[in-house]
Amino acid sequence: MKKYFAIVFAALALVSCNKYLDMTPRDRVSAKTMWENTQNAEYSVNYLWTYIWDLNAEPTDMGLTEALTDELKYTSYNYNKLCRISSEAAYGGQVLSNTYVDSYFGKWGRLYTAIRQTNEGLNYLQTYGQMSAGDKTRLRGELRFLRGYLYFELAKRYKDVIIYDEDLASISKDKAVSPESQVWDFVYADLRFAADSLPAQAAAGGRIDCGMAWGMMSRAMLYAERYDKVIEAAQAVATLGYALEENYADSYGKPLKDGNKEAILQYTFSYENGITHAFNFYYTPGGDYAVIDAKGGAYGVPTQEMVESYELAAGGYPDWSPLHDSPVTCEDGLFYALLEPRFHATILYNGSEWKDRTIEAYVGGTDGWAEWKTEVEPKGKTVTGYFLRKLVDENYNVKLSAGSQPFTFLRYGEVLLNAAEALYKTGNEDGARQILKTIRDRVDLPEVTASGAALWSAIRHERKIELAYEGLHYWDLRRWGDAEKDYPEGLSNYRLHGLRIENVSEGVSKYTYVEVDENTRSFPKKMYRFPMPESELNSNSMVTQYPEWN
């Protein structure tokens with residue numbers, strides 16, 4: 001969101017903290033006061049945006065979902081968030097009980113709290129709103145965008161869920177789930193209302209706009225497998241003036257205020273206003289802390305599997321297999337310099353230039369290397385030979401505990417790839433190839449000429465690389481029904497790897513291929529849907545546990 005969170009947190013001082021369905025609060029600001037005029041109503045909507053940040057910044061209670069795929073490895077063997085638990089979950093097996101999955105993957109309670117507050121807002125806006133008809137329609141569009149987004153997040157996790165709307169009088173503790181198709185109908189209706197009711201980005205003044213609604217529709221309807229709606233939404237986005245940034249790194253990192261033409265939904269922060277986040281502390285290279293004799297960074301690092309997913313800049317792939325068989329001693333760099341631009345914008349490797357220094361991801365180097373599991377707390381050292389560059393702020397001052405770079409959660413590049421998939425699924429392979437060409441032209445990669453199954457593989461691969469670390473790959477594999485398959489098509493029967501790097505002499509290193517898993521990874525079929533929480537089962541007589549979890 002373009003406006004700073006200062007507005008959001010100002011709202012915290014004003015927004016009603018009513019008990020569930022308490023329509024007549026007597027010791028705090030009333031709903032009437034909060035929703036009577038435009039300014040207060042906007043504060044209330046801004047507060048609800050905190051849920052959207054939570055869902056993207058912390059999609060699970062164990063860290064980023066990339067750690068459940070071949071993209072990322074958390075380094076510590078301690079049993080807590082951003083540590084061993086993500087690996088344990090990825091191994092599957094008996095640990096994935098109803099309670100465990102609900103605790104670490106589920107967002108049922110959080111989402112329904114947000115939905116309740118959004119429905120209250122829709123009800124109060126209609127009941128108490130004294131603003132102009134235009135403002136009321138706009139605010140209703142903002143709230144329905146938020147509700148559509150929240151129900152999308154529910155549907156992708158649980159499929160059949162309970163639908164509540166703004167008719168507060170009809171709420172009952174006992175209510176059955178609606179089938180998935182009806183949930184997607186509800187999501188589409190909300191997002192379509194928002195798209196038809198909201199102004200374009202340029203006229204929205206930093207608030208929710210119609211581009212966000214159309215863009216989110218392209219994502220949601222892809223999960224719903226309603227490909228005509230995906231294409232419709234992507235075409236609508238294209239008419240609104242969005243375009244790919246020339247520089248790939250700008251697509252997700254350039255602030256809206258600096259003219260990012262690709263960002264559709266972006267959260268903006270301000271260190272000066274105290275509106276910050278902690279992402280840099282967890283993912284910046286550990287050497288940044290070592291140079292000031294402090295500990296931090298590198299909780300999660302890219303894997304060798306992810307590195308080997310990148311093409312050469314000239315097209316094709318390097319042959320990494322000799323490295324898998326035995327250690328290789330050579331001049332520093334391996335194939336890194338030959339890889340395509342998105343690799344260099346996404347992953348830091350031994351020898352990368354960073355903050356006016358060179359990354360030293362070797363044993364004893366400034367950034368350092370740690371042996372997975374043996375060094376229980378690597379304290380900023382990598383266990384794979386790599387660090388994350390994408391999303392991390394190179395200008396971040398590690399003496400501070402707060403970061404302020406923006407986060408882009410929806411951009412035009414994704415909308416294009418959503419359309420490419422939908423076009424392929426509806427038999428328009430030429431259209432899908434043209435979109436891949438547009439995406440790949442930005443980084444000067446050769447055109448995709450494949451058809452049939454090979455084209456589908458190319459579309460999948462392009463999503464993985466273009467949208468790496470943007471929180472989509474795990475969910476893509478689930479919605480495709482491929483997660484249960486053996487790697488590399490799915491998430492079963494593989495282990496993650498990295499490189500142990502030892503400095504031999506000036507400019508020469510020894511690279512050893514090492515495992516960073518103690519068990520083989522597995523995705524059981526039941527994980528295509530998360531279990532309904534025991535709290536809902538115990539309080540709602542109209543629901544039963546999903547069949548996968550009985």
# chains A, B, ... in the order shown; residues from 1 in each chain; ligands from 1
$ select_by_dssp --residues "range 110-346 of chain A" --states "alpha helix (DSSP H)" --output "NGL selection string"
:A and (110-128 or 133-158 or 180-197 or 210-223 or 227-238 or 248-253 or 279-283 or 287-290 or 304-307 or 321-325 or 341-346)
$ residues_around --residues "Tyr158 in chain A" --least-positions-apart "5" --cutoff "9 Å" --atoms "only C-alpha atoms" --output "list of chain:residue names"
A:Gly106, A:Trp108, A:Glu153, A:Glu180, A:Tyr528, A:Arg529, A:Phe530, A:Pro531, A:Met532, A:Tyr546
$ residues_around --residues "Met131 in chain A" --least-positions-apart "6" --cutoff "9 Å" --atoms "only C-alpha atoms" --output "VMD selection string"
chain A and resid 36 to 38
$ select_by_dssp --residues "range 226-411 of chain A" --states "strand (DSSP E)" --output "ChimeraX atom specification"
/A:263-267,300-302,328-331,347-349,353-354,357-358,386-388,407-411
$ residues_around --residues "Tyr149 in chain A" --least-positions-apart "5" --cutoff "9 Å" --atoms "only C-alpha atoms" --output "short mmCIF file (atom, residue, chain, number, x, y, z; two decimals) with N, CA and C atoms, in the first residue's frame"
data_model
loop_
_atom_site.label_atom_id
_atom_site.label_comp_id
_atom_site.auth_asym_id
_atom_site.auth_seq_id
_atom_site.Cartn_x
_atom_site.Cartn_y
_atom_site.Cartn_z
N ILE A 52 -3.34 -8.29 5.96
CA ILE A 52 -2.75 -8.62 4.67
C ILE A 52 -1.23 -8.68 4.80
N ARG A 144 -14.65 -4.90 0.36
CA ARG A 144 -14.94 -6.14 -0.35
C ARG A 144 -13.68 -6.69 -1.01
N LEU A 154 -8.28 -18.34 2.67
CA LEU A 154 -8.94 -19.50 3.28
C LEU A 154 -9.11 -20.63 2.28
N VAL A 187 -15.55 -15.21 -3.65
CA VAL A 187 -14.32 -14.45 -3.88
C VAL A 187 -14.42 -13.63 -5.15
N ASP A 190 -16.76 -10.57 -4.74
CA ASP A 190 -16.14 -9.47 -3.98
C ASP A 190 -15.10 -8.73 -4.81
N LEU A 191 -14.22 -9.47 -5.46
CA LEU A 191 -13.16 -8.83 -6.23
C LEU A 191 -13.72 -8.10 -7.44
N ALA A 213 -7.59 -5.10 -7.40
CA ALA A 213 -8.71 -6.03 -7.48
C ALA A 213 -8.61 -6.92 -8.71
N MET A 216 -5.54 -9.28 -8.22
CA MET A 216 -5.82 -10.35 -7.29
C MET A 216 -6.80 -11.35 -7.88
N MET A 217 -7.72 -10.86 -8.71
CA MET A 217 -8.65 -11.77 -9.37
C MET A 217 -7.89 -12.73 -10.29
N ALA A 220 -6.49 -15.35 -7.88
CA ALA A 220 -7.50 -16.19 -7.22
C ALA A 220 -8.18 -17.12 -8.20
#
$ residues_around --residues "Asp196 in chain A" --least-positions-apart "3" --cutoff "10 Å" --atoms "only C-alpha atoms" --output "list of chain:residue names"
A:Arg138, A:Gly141, A:Leu191, A:Arg192, A:Phe193, A:Pro199, A:Asp209, A:Cys210, A:Ala213, A:Trp214
$ write_last_selection --atoms "all heavy atoms" --output "PDB file, in the first residue's frame"
ATOM      1  N   ARG A 138     -16.808   3.693  -2.736  1.00  0.00           N
ATOM      2  CA  ARG A 138     -15.374   3.407  -2.751  1.00  0.00           C
ATOM      3  C   ARG A 138     -14.951   2.604  -1.521  1.00  0.00           C
ATOM      4  O   ARG A 138     -14.226   1.602  -1.625  1.00  0.00           O
ATOM      5  CB  ARG A 138     -14.573   4.703  -2.836  1.00  0.00           C
ATOM      6  CG  ARG A 138     -13.065   4.511  -2.678  1.00  0.00           C
ATOM      7  CD  ARG A 138     -12.324   5.818  -2.802  1.00  0.00           C
ATOM      8  NE  ARG A 138     -12.743   6.810  -1.827  1.00  0.00           N
ATOM      9  CZ  ARG A 138     -12.299   6.842  -0.565  1.00  0.00           C
ATOM     10  NH1 ARG A 138     -11.473   5.911  -0.109  1.00  0.00           N
ATOM     11  NH2 ARG A 138     -12.710   7.808   0.252  1.00  0.00           N
ATOM     12  N   GLY A 141     -16.026  -0.847  -1.750  1.00  0.00           N
ATOM     13  CA  GLY A 141     -15.146  -1.576  -2.655  1.00  0.00           C
ATOM     14  C   GLY A 141     -13.854  -1.993  -1.975  1.00  0.00           C
ATOM     15  O   GLY A 141     -13.356  -3.107  -2.186  1.00  0.00           O
ATOM     16  N   LEU A 191     -14.216  -9.470  -5.457  1.00  0.00           N
ATOM     17  CA  LEU A 191     -13.159  -8.828  -6.226  1.00  0.00           C
ATOM     18  C   LEU A 191     -13.724  -8.098  -7.441  1.00  0.00           C
ATOM     19  O   LEU A 191     -13.221  -7.025  -7.811  1.00  0.00           O
ATOM     20  CB  LEU A 191     -12.115  -9.866  -6.648  1.00  0.00           C
ATOM     21  CG  LEU A 191     -11.315 -10.496  -5.504  1.00  0.00           C
ATOM     22  CD1 LEU A 191     -10.342 -11.539  -6.031  1.00  0.00           C
ATOM     23  CD2 LEU A 191     -10.564  -9.440  -4.683  1.00  0.00           C
ATOM     24  N   ARG A 192     -14.763  -8.641  -8.044  1.00  0.00           N
ATOM     25  CA  ARG A 192     -15.360  -7.964  -9.189  1.00  0.00           C
ATOM     26  C   ARG A 192     -16.044  -6.672  -8.754  1.00  0.00           C
ATOM     27  O   ARG A 192     -15.955  -5.642  -9.439  1.00  0.00           O
ATOM     28  CB  ARG A 192     -16.358  -8.885  -9.899  1.00  0.00           C
ATOM     29  CG  ARG A 192     -16.966  -8.288 -11.169  1.00  0.00           C
ATOM     30  CD  ARG A 192     -15.856  -7.867 -12.134  1.00  0.00           C
ATOM     31  NE  ARG A 192     -16.348  -7.038 -13.215  1.00  0.00           N
ATOM     32  CZ  ARG A 192     -16.604  -7.490 -14.449  1.00  0.00           C
ATOM     33  NH1 ARG A 192     -16.434  -8.781 -14.729  1.00  0.00           N
ATOM     34  NH2 ARG A 192     -17.029  -6.685 -15.376  1.00  0.00           N
ATOM     35  N   PHE A 193     -16.736  -6.705  -7.617  1.00  0.00           N
ATOM     36  CA  PHE A 193     -17.337  -5.475  -7.098  1.00  0.00           C
ATOM     37  C   PHE A 193     -16.258  -4.427  -6.858  1.00  0.00           C
ATOM     38  O   PHE A 193     -16.417  -3.250  -7.209  1.00  0.00           O
ATOM     39  CB  PHE A 193     -18.102  -5.746  -5.805  1.00  0.00           C
ATOM     40  CG  PHE A 193     -18.762  -4.526  -5.227  1.00  0.00           C
ATOM     41  CD1 PHE A 193     -20.057  -4.193  -5.584  1.00  0.00           C
ATOM     42  CD2 PHE A 193     -18.081  -3.694  -4.347  1.00  0.00           C
ATOM     43  CE1 PHE A 193     -20.666  -3.043  -5.062  1.00  0.00           C
ATOM     44  CE2 PHE A 193     -18.675  -2.551  -3.817  1.00  0.00           C
ATOM     45  CZ  PHE A 193     -19.978  -2.227  -4.185  1.00  0.00           C
ATOM     46  N   PRO A 199     -11.187   3.400  -7.983  1.00  0.00           N
ATOM     47  CA  PRO A 199     -10.456   4.159  -9.003  1.00  0.00           C
ATOM     48  C   PRO A 199      -9.164   3.453  -9.388  1.00  0.00           C
ATOM     49  O   PRO A 199      -8.725   2.514  -8.721  1.00  0.00           O
ATOM     50  CB  PRO A 199     -10.165   5.489  -8.301  1.00  0.00           C
ATOM     51  CG  PRO A 199     -10.077   5.112  -6.845  1.00  0.00           C
ATOM     52  CD  PRO A 199     -11.093   4.019  -6.648  1.00  0.00           C
ATOM     53  N   ASP A 209      -7.005   0.163  -4.978  1.00  0.00           N
ATOM     54  CA  ASP A 209      -7.452   0.605  -6.289  1.00  0.00           C
ATOM     55  C   ASP A 209      -7.926  -0.573  -7.128  1.00  0.00           C
ATOM     56  O   ASP A 209      -7.750  -1.740  -6.749  1.00  0.00           O
ATOM     57  CB  ASP A 209      -6.340   1.374  -7.004  1.00  0.00           C
ATOM     58  CG  ASP A 209      -5.090   0.555  -7.205  1.00  0.00           C
ATOM     59  OD1 ASP A 209      -5.129  -0.405  -8.008  1.00  0.00           O
ATOM     60  OD2 ASP A 209      -4.057   0.855  -6.570  1.00  0.00           O
ATOM     61  N   CYS A 210      -8.505  -0.266  -8.283  1.00  0.00           N
ATOM     62  CA  CYS A 210      -9.090  -1.322  -9.109  1.00  0.00           C
ATOM     63  C   CYS A 210      -8.027  -2.246  -9.692  1.00  0.00           C
ATOM     64  O   CYS A 210      -8.300  -3.424  -9.955  1.00  0.00           O
ATOM     65  CB  CYS A 210      -9.952  -0.719 -10.211  1.00  0.00           C
ATOM     66  SG  CYS A 210      -9.062   0.265 -11.436  1.00  0.00           S
ATOM     67  N   ALA A 213      -7.591  -5.099  -7.400  1.00  0.00           N
ATOM     68  CA  ALA A 213      -8.711  -6.033  -7.482  1.00  0.00           C
ATOM     69  C   ALA A 213      -8.607  -6.924  -8.714  1.00  0.00           C
ATOM     70  O   ALA A 213      -8.768  -8.147  -8.631  1.00  0.00           O
ATOM     71  CB  ALA A 213     -10.036  -5.271  -7.481  1.00  0.00           C
ATOM     72  N   TRP A 214      -8.335  -6.330  -9.880  1.00  0.00           N
ATOM     73  CA  TRP A 214      -8.177  -7.136 -11.091  1.00  0.00           C
ATOM     74  C   TRP A 214      -6.968  -8.060 -10.980  1.00  0.00           C
ATOM     75  O   TRP A 214      -7.016  -9.230 -11.382  1.00  0.00           O
ATOM     76  CB  TRP A 214      -8.024  -6.231 -12.313  1.00  0.00           C
ATOM     77  CG  TRP A 214      -9.273  -5.581 -12.792  1.00  0.00           C
ATOM     78  CD1 TRP A 214      -9.531  -4.249 -12.851  1.00  0.00           C
ATOM     79  CD2 TRP A 214     -10.443  -6.222 -13.327  1.00  0.00           C
ATOM     80  NE1 TRP A 214     -10.778  -4.006 -13.371  1.00  0.00           N
ATOM     81  CE2 TRP A 214     -11.364  -5.198 -13.675  1.00  0.00           C
ATOM     82  CE3 TRP A 214     -10.807  -7.558 -13.534  1.00  0.00           C
ATOM     83  CZ2 TRP A 214     -12.615  -5.475 -14.233  1.00  0.00           C
ATOM     84  CZ3 TRP A 214     -12.052  -7.837 -14.087  1.00  0.00           C
ATOM     85  CH2 TRP A 214     -12.933  -6.806 -14.433  1.00  0.00           C
TER      86      TRP A 214
END
$ closest_residue --among "A:Tyr469, A:Trp372, A:Tyr289, A:Tyr227" --to "Tyr252 in chain A" --atoms "only C-alpha atoms"
A:Tyr469
